[in-house]
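Student: Pasting input_35.pdb below, which is PDB, C-alpha atoms and all ligand atoms.
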MODEL        1
ATOM      1  CA  MET A   1      -3.300  11.067 -13.082
ATOM      2  CA  LYS A   2      -2.522   7.382 -12.586
ATOM      3  CA  ILE A   3      -3.781   5.606  -9.491
ATOM      4  CA  CYS A   4      -3.003   2.024  -8.561
ATOM      5  CA  VAL A   5      -5.566   0.336  -6.307
ATOM      6  CA  ILE A   6      -4.534  -2.742  -4.351
ATOM      7  CA  HIS A   7      -7.620  -4.674  -3.233
ATOM      8  CA  GLY A   8      -6.910  -6.826  -0.172
ATOM      9  CA  SER A   9      -9.672  -9.234  -1.162
ATOM     10  CA  ASN A  10     -11.359 -10.458  -4.359
ATOM     11  CA  ARG A  11     -14.784  -9.815  -2.801
ATOM     12  CA  LYS A  12     -16.805  -6.989  -4.265
ATOM     13  CA  GLY A  13     -18.168  -6.041  -0.834
ATOM     14  CA  ASN A  14     -17.951  -3.237   1.723
ATOM     15  CA  THR A  15     -14.297  -2.415   1.053
ATOM     16  CA  ASP A  16     -14.903  -2.257  -2.665
ATOM     17  CA  ALA A  17     -17.856   0.049  -1.990
ATOM     18  CA  THR A  18     -15.495   2.453  -0.183
ATOM     19  CA  VAL A  19     -13.106   2.344  -3.157
ATOM     20  CA  GLU A  20     -15.962   3.196  -5.521
ATOM     21  CA  ILE A  21     -16.839   6.273  -3.410
ATOM     22  CA  ILE A  22     -13.196   7.366  -3.456
ATOM     23  CA  LYS A  23     -13.027   6.877  -7.229
ATOM     24  CA  GLU A  24     -16.261   8.864  -7.743
ATOM     25  CA  GLN A  25     -14.737  11.766  -5.813
ATOM     26  CA  LEU A  26     -11.388  11.604  -7.634
ATOM     27  CA  ASN A  27     -13.162  11.491 -11.007
ATOM     28  CA  LEU A  28     -14.702  14.895 -10.227
ATOM     29  CA  TYR A  29     -11.252  16.501 -10.422
ATOM     30  CA  GLU A  30      -9.847  14.972 -13.596
ATOM     31  CA  GLU A  31      -9.768  11.876 -15.738
ATOM     32  CA  ILE A  32      -7.975   9.228 -13.731
ATOM     33  CA  GLU A  33      -6.331   6.102 -15.085
ATOM     34  CA  TYR A  34      -6.892   3.290 -12.588
ATOM     35  CA  SER A  35      -4.963   0.035 -12.339
ATOM     36  CA  ASP A  36      -6.835  -2.364 -10.065
ATOM     37  CA  ILE A  37      -4.911  -5.237  -8.533
ATOM     38  CA  TYR A  38      -7.078  -7.843  -6.830
ATOM     39  CA  LEU A  39      -5.669 -10.232  -4.263
ATOM     40  CA  PRO A  40      -5.177 -13.123  -4.358
ATOM     41  CA  LYS A  41      -6.222 -13.161  -8.061
ATOM     42  CA  ASP A  42      -3.256 -11.095  -9.275
ATOM     43  CA  LEU A  43      -0.658 -12.562  -6.899
ATOM     44  CA  PRO A  44      -1.873 -16.078  -6.090
ATOM     45  CA  CYS A  45       1.228 -17.479  -4.358
ATOM     46  CA  PHE A  46       3.071 -17.251  -1.077
ATOM     47  CA  CYS A  47       6.525 -15.744  -0.691
ATOM     48  CA  ALA A  48       8.911 -18.734  -0.793
ATOM     49  CA  GLY A  49      11.273 -17.100   1.713
ATOM     50  CA  CYS A  50      14.163 -18.042  -0.604
ATOM     51  CA  PHE A  51      16.001 -14.673  -0.267
ATOM     52  CA  ALA A  52      16.434 -14.615  -4.074
ATOM     53  CA  CYS A  53      14.729 -11.176  -4.199
ATOM     54  CA  PHE A  54      17.569  -9.693  -2.135
ATOM     55  CA  GLU A  55      20.120 -10.772  -4.776
ATOM     56  CA  GLY A  56      20.272  -9.864  -8.469
ATOM     57  CA  GLU A  57      20.878  -6.577 -10.237
ATOM     58  CA  TYR A  58      17.794  -4.968  -8.756
ATOM     59  CA  ALA A  59      15.486  -5.761  -5.837
ATOM     60  CA  GLY A  60      13.069  -8.544  -6.726
ATOM     61  CA  GLN A  61      14.745  -9.380 -10.045
ATOM     62  CA  ASN A  62      15.071 -13.070  -9.172
ATOM     63  CA  CYS A  63      11.797 -13.580  -7.303
ATOM     64  CA  PRO A  64      10.437 -17.029  -8.243
ATOM     65  CA  ASN A  65       6.990 -15.407  -8.523
ATOM     66  CA  LYS A  66       8.247 -12.628 -10.816
ATOM     67  CA  GLN A  67       5.615 -13.368 -13.449
ATOM     68  CA  TYR A  68       3.234 -11.714 -10.946
ATOM     69  CA  THR A  69       5.490  -9.381  -8.954
ATOM     70  CA  HIS A  70       7.278  -7.661 -11.853
ATOM     71  CA  PRO A  71       4.123  -6.376 -13.622
ATOM     72  CA  ILE A  72       2.706  -5.271 -10.239
ATOM     73  CA  LEU A  73       5.867  -3.343  -9.339
ATOM     74  CA  LYS A  74       5.937  -1.733 -12.785
ATOM     75  CA  THR A  75       2.335  -0.575 -12.290
ATOM     76  CA  LEU A  76       3.069   0.735  -8.787
ATOM     77  CA  LEU A  77       6.120   2.691  -9.929
ATOM     78  CA  SER A  78       4.338   4.295 -12.848
ATOM     79  CA  SER A  79       1.416   5.427 -10.658
ATOM     80  CA  ASP A  80       1.116   8.857  -9.040
ATOM     81  CA  GLY A  81      -0.798   7.564  -6.049
ATOM     82  CA  ILE A  82      -1.444   4.208  -4.400
ATOM     83  CA  ILE A  83      -4.671   3.149  -2.697
ATOM     84  CA  VAL A  84      -4.657   0.019  -0.537
ATOM     85  CA  ALA A  85      -8.105  -1.142   0.545
ATOM     86  CA  CYS A  86      -8.391  -4.160   2.812
ATOM     87  CA  PRO A  87     -11.074  -5.688   5.018
ATOM     88  CA  CYS A  88     -10.260  -6.883   8.519
ATOM     89  CA  TYR A  89     -10.098 -10.661   8.996
ATOM     90  CA  ALA A  90      -9.529 -12.204  12.430
ATOM     91  CA  LEU A  91      -8.391  -8.915  13.994
ATOM     92  CA  ALA A  92      -5.810  -8.252  11.270
ATOM     93  CA  GLU A  93      -5.249  -7.667   7.541
ATOM     94  CA  THR A  94      -6.272 -10.421   5.106
ATOM     95  CA  GLY A  95      -3.736 -13.185   4.536
ATOM     96  CA  GLN A  96      -3.437 -12.253   0.883
ATOM     97  CA  ILE A  97      -2.435  -8.647   1.606
ATOM     98  CA  LYS A  98       0.245  -9.893   4.020
ATOM     99  CA  VAL A  99       1.520 -12.230   1.285
ATOM    100  CA  PHE A 100       1.480  -9.309  -1.160
ATOM    101  CA  PHE A 101       3.685  -7.135   1.072
ATOM    102  CA  ASP A 102       6.023 -10.078   1.845
ATOM    103  CA  HIS A 103       6.935 -10.088  -1.858
ATOM    104  CA  PHE A 104       8.132  -6.475  -1.762
ATOM    105  CA  ALA A 105      10.172  -6.442   1.475
ATOM    106  CA  CYS A 106      13.294  -6.405  -0.724
ATOM    107  CA  THR A 107      12.317  -2.852  -1.754
ATOM    108  CA  PHE A 108      12.222  -1.605   1.841
ATOM    109  CA  ILE A 109      14.279   1.482   2.716
ATOM    110  CA  ASN A 110      16.867  -0.641   4.552
ATOM    111  CA  HIS A 111      17.412  -2.762   1.423
ATOM    112  CA  ARG A 112      17.015  -1.393  -2.124
ATOM    113  CA  PRO A 113      14.105   1.063  -2.191
ATOM    114  CA  ASN A 114      12.694   2.440  -5.435
ATOM    115  CA  GLU A 115      13.371   6.179  -5.461
ATOM    116  CA  GLU A 116      10.089   6.755  -7.328
ATOM    117  CA  MET A 117       8.309   5.848  -4.078
ATOM    118  CA  PHE A 118       9.790   8.889  -2.285
ATOM    119  CA  ASP A 119       7.368  11.082  -4.255
ATOM    120  CA  LYS A 120       4.241   8.962  -4.004
ATOM    121  CA  ILE A 121       1.103   9.426  -1.930
ATOM    122  CA  GLY A 122      -0.759   6.546  -0.298
ATOM    123  CA  LEU A 123      -4.317   6.123   0.903
ATOM    124  CA  VAL A 124      -5.053   3.169   3.176
ATOM    125  CA  VAL A 125      -8.640   2.081   3.804
ATOM    126  CA  SER A 126      -9.989  -0.730   5.943
ATOM    127  CA  THR A 127     -13.493  -1.886   6.746
ATOM    128  CA  GLY A 128     -14.489  -4.195   9.579
ATOM    129  CA  ALA A 129     -17.306  -5.280  11.815
ATOM    130  CA  GLY A 130     -16.034  -4.183  15.205
ATOM    131  CA  ALA A 131     -12.383  -4.767  16.078
ATOM    132  CA  GLY A 132      -9.081  -4.836  14.232
ATOM    133  CA  THR A 133      -9.226  -2.209  11.476
ATOM    134  CA  GLY A 134      -6.719  -0.072  13.409
ATOM    135  CA  ARG A 135      -4.178  -2.839  13.121
ATOM    136  CA  VAL A 136      -4.952  -3.365   9.418
ATOM    137  CA  VAL A 137      -4.386   0.305   8.621
ATOM    138  CA  SER A 138      -1.264   0.510  10.759
ATOM    139  CA  THR A 139       0.358  -2.630   9.260
ATOM    140  CA  ILE A 140      -0.325  -1.533   5.672
ATOM    141  CA  SER A 141       0.819   2.036   6.376
ATOM    142  CA  ARG A 142       4.052   0.756   7.908
ATOM    143  CA  ASN A 143       4.741  -1.227   4.734
ATOM    144  CA  LEU A 144       4.102   1.820   2.555
ATOM    145  CA  LEU A 145       6.394   3.866   4.792
ATOM    146  CA  PHE A 146       9.129   1.254   4.393
ATOM    147  CA  TRP A 147       8.630   1.427   0.616
ATOM    148  CA  GLY A 148       9.427   5.126   1.074
ATOM    149  CA  VAL A 149       5.964   6.560   0.345
ATOM    150  CA  LYS A 150       5.916  10.306   1.060
ATOM    151  CA  ARG A 151       2.499  10.839   2.690
ATOM    152  CA  ILE A 152      -0.024   8.252   3.867
ATOM    153  CA  ILE A 153      -3.681   9.066   4.485
ATOM    154  CA  LYS A 154      -5.599   6.611   6.647
ATOM    155  CA  PHE A 155      -9.269   5.705   6.913
ATOM    156  CA  ARG A 156     -11.020   2.923   8.788
ATOM    157  CA  ILE A 157     -14.633   2.189   9.465
ATOM    158  CA  ASN A 158     -16.713  -0.467  11.200
ATOM    159  CA  MET A 159     -19.663  -1.264   8.955
ATOM    160  CA  PHE A 160     -21.514  -3.661  11.283
ATOM    161  CA  ALA A 161     -23.046  -5.147   8.119
ATOM    162  CA  ALA A 162     -21.882  -7.865   5.721
ATOM    163  CA  ASN A 163     -22.996  -5.772   2.748
ATOM    164  CA  TRP A 164     -22.978  -2.039   2.024
ATOM    165  CA  ASP A 165     -26.711  -1.995   1.152
ATOM    166  CA  GLU A 166     -27.594  -3.486   4.546
ATOM    167  CA  MET A 167     -26.205  -0.440   6.335
ATOM    168  CA  PRO A 168     -28.696   2.222   7.465
ATOM    169  CA  VAL A 169     -28.908   5.098   4.945
ATOM    170  CA  GLN A 170     -27.753   7.594   7.593
ATOM    171  CA  LYS A 171     -24.603   5.598   8.257
ATOM    172  CA  ARG A 172     -23.928   5.183   4.530
ATOM    173  CA  ASP A 173     -24.194   8.951   4.059
ATOM    174  CA  LYS A 174     -21.820   9.577   6.952
ATOM    175  CA  VAL A 175     -19.239   7.144   5.549
ATOM    176  CA  LYS A 176     -19.564   8.706   2.084
ATOM    177  CA  LYS A 177     -18.968  12.186   3.488
ATOM    178  CA  LEU A 178     -15.867  11.096   5.406
ATOM    179  CA  LEU A 179     -14.484   9.183   2.436
ATOM    180  CA  ARG A 180     -15.017  12.073   0.032
ATOM    181  CA  ARG A 181     -13.008  14.309   2.364
ATOM    182  CA  LYS A 182     -10.152  11.780   2.495
ATOM    183  CA  ALA A 183     -10.297  11.332  -1.294
ATOM    184  CA  SER A 184     -10.054  15.101  -1.820
ATOM    185  CA  ARG A 185      -7.025  15.332   0.428
ATOM    186  CA  PHE A 186      -5.463  12.364  -1.375
ATOM    187  CA  TYR A 187      -6.090  14.051  -4.729
ATOM    188  CA  ARG A 188      -4.558  17.383  -3.673
ATOM    189  CA  LEU A 189      -1.451  15.751  -2.223
ATOM    190  CA  THR A 190      -1.046  13.461  -5.235
ATOM    191  CA  LYS A 191      -1.375  16.380  -7.621
ATOM    192  CA  ASP A 192       1.291  18.376  -5.734
ATOM    193  CA  ARG A 193       3.344  15.339  -4.810
ATOM    194  CA  ARG A 194       6.592  16.627  -6.275
ATOM    195  CA  GLU A 195       6.276  20.059  -4.650
ATOM    196  CA  ILE A 196       5.430  19.041  -1.071
ATOM    197  CA  ARG A 197       8.388  18.684   1.289
ATOM    198  CA  LYS A 198      10.119  15.353   1.834
ATOM    199  CA  SER A 199       8.706  12.910   4.375
ATOM    200  CA  ILE A 200      10.325  13.370   7.801
ATOM    201  CA  SER A 201       9.662   9.699   8.645
ATOM    202  CA  VAL A 202      11.254   8.420   5.437
ATOM    203  CA  GLN A 203      14.252  10.711   5.938
ATOM    204  CA  ALA A 204      14.618   9.533   9.559
ATOM    205  CA  LEU A 205      14.525   5.863   8.517
ATOM    206  CA  ARG A 206      17.127   6.486   5.826
ATOM    207  CA  ARG A 207      19.397   8.099   8.426
ATOM    208  CA  ILE A 208      18.855   5.228  10.885
ATOM    209  CA  PHE A 209      19.690   2.564   8.293
ATOM    210  CA  LYS A 210      22.753   4.377   6.942
ATOM    211  CA  GLY A 211      24.938   3.024   9.752
ATOM    212  CA  LEU A 212      23.583  -0.493   9.371
ATOM    213  CA  VAL A 213      24.139  -0.652   5.602
ATOM    214  CA  ASN A 214      27.607   0.868   6.042
ATOM    215  CA  SER A 215      28.562  -1.991   8.362
ATOM    216  CA  TYR A 216      27.967  -4.628   5.642
ATOM    217  CA  GLU A 217      30.690  -6.269   3.523
ATOM    218  CA  ASP A 218      31.451  -4.234   0.378
ATOM    219  CA  THR A 219      30.034  -7.026  -1.807
ATOM    220  CA  GLN A 220      26.630  -7.009  -0.079
ATOM    221  CA  PRO A 221      23.947  -6.045  -2.691
ATOM    222  CA  ASP A 222      22.190  -3.461  -0.469
ATOM    223  CA  LYS A 223      25.531  -1.763   0.265
ATOM    224  CA  ILE A 224      26.494  -1.717  -3.440
ATOM    225  CA  PHE A 225      23.080  -0.151  -4.189
ATOM    226  CA  TRP A 226      23.325   2.493  -1.435
ATOM    227  CA  LYS A 227      26.832   3.401  -2.635
ATOM    228  CA  SER A 228      25.674   3.682  -6.249
ATOM    229  CA  LYS A 229      22.985   6.127  -5.088
ATOM    230  CA  GLY A 230      25.555   8.153  -3.149
ATOM    231  CA  TRP A 231      23.647   7.563   0.114
ATOM    232  CA  ILE A 232      26.804   6.168   1.753
ATOM    233  CA  LYS A 233      30.454   6.667   0.896
TER     234      LYS A 233
HETATM  235  C1  LIG B 301     -13.250 -14.500   7.810
HETATM  236  C2  LIG B 301     -13.676 -13.165   8.321
HETATM  237  C3  LIG B 301     -13.147 -12.696   9.493
HETATM  238  C4  LIG B 301     -13.510 -11.446   9.969
HETATM  239  N1  LIG B 301     -12.929 -10.973  11.114
HETATM  240  C5  LIG B 301     -13.212  -9.731  11.545
HETATM  241  C6  LIG B 301     -12.546  -9.166  12.673
HETATM  242  O1  LIG B 301     -11.725  -9.791  13.318
HETATM  243  N2  LIG B 301     -12.841  -7.905  13.038
HETATM  244  C7  LIG B 301     -13.758  -7.157  12.356
HETATM  245  O2  LIG B 301     -13.966  -6.006  12.723
HETATM  246  N3  LIG B 301     -14.418  -7.653  11.295
HETATM  247  C8  LIG B 301     -14.174  -8.925  10.868
HETATM  248  N4  LIG B 301     -14.831  -9.426   9.770
HETATM  249  C9  LIG B 301     -15.857  -8.616   9.101
HETATM  250  C10 LIG B 301     -15.316  -7.884   7.896
HETATM  251  O3  LIG B 301     -14.097  -7.240   8.175
HETATM  252  C11 LIG B 301     -16.290  -6.809   7.441
HETATM  253  O4  LIG B 301     -17.538  -7.357   7.182
HETATM  254  C12 LIG B 301     -15.742  -6.122   6.204
HETATM  255  O5  LIG B 301     -16.483  -4.963   5.958
HETATM  256  C13 LIG B 301     -15.785  -7.048   5.012
HETATM  257  O6  LIG B 301     -15.279  -6.394   3.894
HETATM  258  P1  LIG B 301     -15.682  -6.892   2.421
HETATM  259  O7  LIG B 301     -17.167  -6.782   2.314
HETATM  260  O8  LIG B 301     -14.968  -5.942   1.529
HETATM  261  O9  LIG B 301     -15.214  -8.292   2.297
HETATM  262  C14 LIG B 301     -14.476 -10.672   9.267
HETATM  263  C15 LIG B 301     -15.019 -11.174   8.084
HETATM  264  C16 LIG B 301     -14.623 -12.390   7.601
HETATM  265  C17 LIG B 301     -15.192 -12.906   6.287
ENDMDL
END
Using structure tokens, write down the structure from this file.
Tutor:
Amino acid sequence: MKICVIHGSNRKGNTDATVEIIKEQLNLYEEIEYSDIYLPKDLPCFCAGCFACFEGEYAGQNCPNKQYTHPILKTLLSSDGIIVACPCYALAETGQIKVFFDHFACTFINHRPNEEMFDKIGLVVSTGAGAGTGRVVSTISRNLLFWGVKRIIKFRINMFAANWDEMPVQKRDKVKKLLRRKASRFYRLTKDRREIRKSISVQALRRIFKGLVNSYEDTQPDKIFWKSKGWIK
């Protein structure tokens, strides 16, 4: 099984500790091939807002930061499951994770989604110190949904400690137990990802956007793409 892990920070701290617990649990089931993407290390630039990603033969083809985005997208598409782990900064997701998702808006359902995403499972994890992890998890999950991801498991926790080892043992054990349960669910869904029924939310979004895409000029790239897929006539 191939799992891609997007780390919303370069820091090997609390959030990384949660990823390690998840990995430990997943490794009990089978040998897993992990691809770890650290931000901002692996995507160290802002989206230019140039709209070039919406043009071209495929979504993102002409992104000026394609030296970073193309290998990342290739890794994502070849993975069975996607884990996004991000700490909470200033009541929200880290700036670098926002920048990361900005680069892939061209692959949203309403534009030119990658069909491979319709069979993928996501796990979103956030750690914080008191307030804001709910927003982090919801923003990241919404992005995964708009990529077309089939099922999204969510987990958030307030550590109240700058480092994992500073947390009381009892609390650490509780977090481990909860994370192992989420990791097991993520494993089962990822293993059966092709068999489980389609996502109702993804299907609903596709229906909603059908009318919008249909209203575009025939030369509009999203419309050409939707037509080529047979999603509109
Ligand atoms: C710049 C900065 C801002 C933060 N803002 C918040 C916040 O608004 N809400 C919160 O709950 N925690 C906040 N925290 C605490 C971190 O989210 C928390 O310690 C988290 O577990 C850190 O994850 P890490 O060890 O993986 O970096 C902030 C931490 C930093 C460094």
Student: Kindly work out which residues sit at most 12 Å from ligand LIG 301 (chain B), using all atoms listed in the file, and give the list as a ChimeraX atom specification.
Tutor: /A:7-20,38-39,85-95,125-136,156-167
Student: Here is a test: counting all atoms listed in the file, which residue of A:Cys63, A:Ile22, A:Cys4, A:Ile72 is nearest to Val84 of chain A?
Tutor: A:Cys4
Student: Which neighbours of Ile152 of chain A fall inside 10 Å, counting only C-alpha atoms, when residues of the same chain fewer than 3 positions from it are skipped, and could you give them as a ChimeraX atom specification?
Tutor: /A:81-83,120-124,140-142,144-145,149,186,189,199
Student: Could you expand the PyMOL selection byres (((chain A and resi 2) around 7) and not hetatm) into the explicit residues it covers here, written as a ChimeraX atom specification?
Tutor: /A:1,3-4,32-34,79-81
Student: Per residue of segment 87-130 of chain A within 7 Å of segment 207-224 of chain A, what are the shortest atom pair and its distance in Å to one decimal, counting all atoms listed in the file, with rows by chain and residue number, as a Markdown table?
Tutor:
| residue | atom | partner | partner_atom | distance |
| --- | --- | --- | --- | --- |
| A:Asn110 | CA | A:Phe209 | CA | 5.7 |
| A:His111 | CA | A:Asp222 | CA | 5.2 |
| A:Arg112 | CA | A:Asp222 | CA | 5.8 |
Student: So the first atom is atom CA of Glu30 of chain A and the second is atom CA of Arg193 of chain A; what is the distance between them in Å, to one decimal place?
Tutor: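 Atom CA of Arg193 of chain A lies at a distance of 15.9 Å from atom CA of Glu30 of chain A.
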Student: I need the residue nearest Arg197 of chain A from this list: A:Glu57, A:Asp173, A:Asp119, A:Asp102. Use all atoms listed in the file for the distance.
Tutor: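 Smallest distance to Arg197 of chain A is found for A:Asp119.
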Student: Between A:Val5, A:Gly60, A:Thr75, A:Gln67, which is the closest to Phe104 of chain A once you count only C-alpha atoms?
Tutor: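 When distances to Phe104 of chain A are compared using only C-alpha atoms, the smallest one comes from A:Gly60.
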Student: Using Å and a single decimal, report how far atom CA of Gln203 of chain A sits from atom CA of Cys53 of chain A.
Tutor: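 Atom-to-atom, atom CA of Cys53 of chain A and atom CA of Gln203 of chain A are spaced 24.1 Å apart.
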Student: May I have the protein, DNA and RNA residues with any atom at most 12 Å from the point (14.6, -18.1, 0.1), counting all atoms listed in the file, written as a PyMOL selection string?
Tutor: chain A and resi 46-55+60+62-65+102-103+106
Student: Of the candidates A:Ile232, A:Thr190, A:Leu73, A:Phe225, which one gets nearest to Gly56 of chain A if we count all atoms listed in the file?
Tutor: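 Comparing A:Ile232, A:Thr190, A:Leu73, A:Phe225 against Gly56 of chain A, the winner is A:Phe225.
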Student: Separation of atom CA of Phe146 of chain A and atom CA of Lys41 of chain A, in Å?
Tutor: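 Atom-to-atom, atom CA of Phe146 of chain A to atom CA of Lys41 of chain A, that is 24.5 Å.
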Student: May I ask which of the residues A:Ser228, A:Asn143, A:Ser35, A:Gln61 is the closest one to Ile109 of chain A, counting only C-alpha atoms?
Tutor: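 For Ile109 of chain A, the nearest of the given residues is A:Asn143.
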Student: Tyr29 of chain A: which residues within 9 Å, counting only C-alpha atoms, same-chain residues fewer than 3 positions away excluded, as a list of chain:residue names?
Tutor: A:Gln25, A:Leu26, A:Ile32, A:Ser184, A:Tyr187
Student: Just the selected residues (C-alpha atoms), exported as a CSV table (one decimal), in the coordinates of the input, please.
Tutor:
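New file out.csv:
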chain,number,residue,atom,x,y,z
A,25,GLN,CA,-14.7,11.8,-5.8
A,26,LEU,CA,-11.4,11.6,-7.6
A,32,ILE,CA,-8.0,9.2,-13.7
A,184,SER,CA,-10.1,15.1,-1.8
A,187,TYR,CA,-6.1,14.1,-4.7
Student: Measuring atom to atom with all atoms listed in the file, identify which of A:Asn27, A:Gln170, A:Ser138, A:Thr107 is nearest to Thr69 of chain A.
Tutor: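 Of all the options, A:Thr107 lies closest to Thr69 of chain A.
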Student: Would you compute, for all listed atoms of segment 144-158 of chain A, the axis-aligned bounding box grown by 8 Å on each side, and then report its centre and edge lengths in Å rounded to one decimal, as AutoDock Vina command-line options?
Tutor:
--center_x -3.6 --center_y 5.2 --center_z 5.8 --size_x 42.1 --size_y 27.3 --size_z 26.9
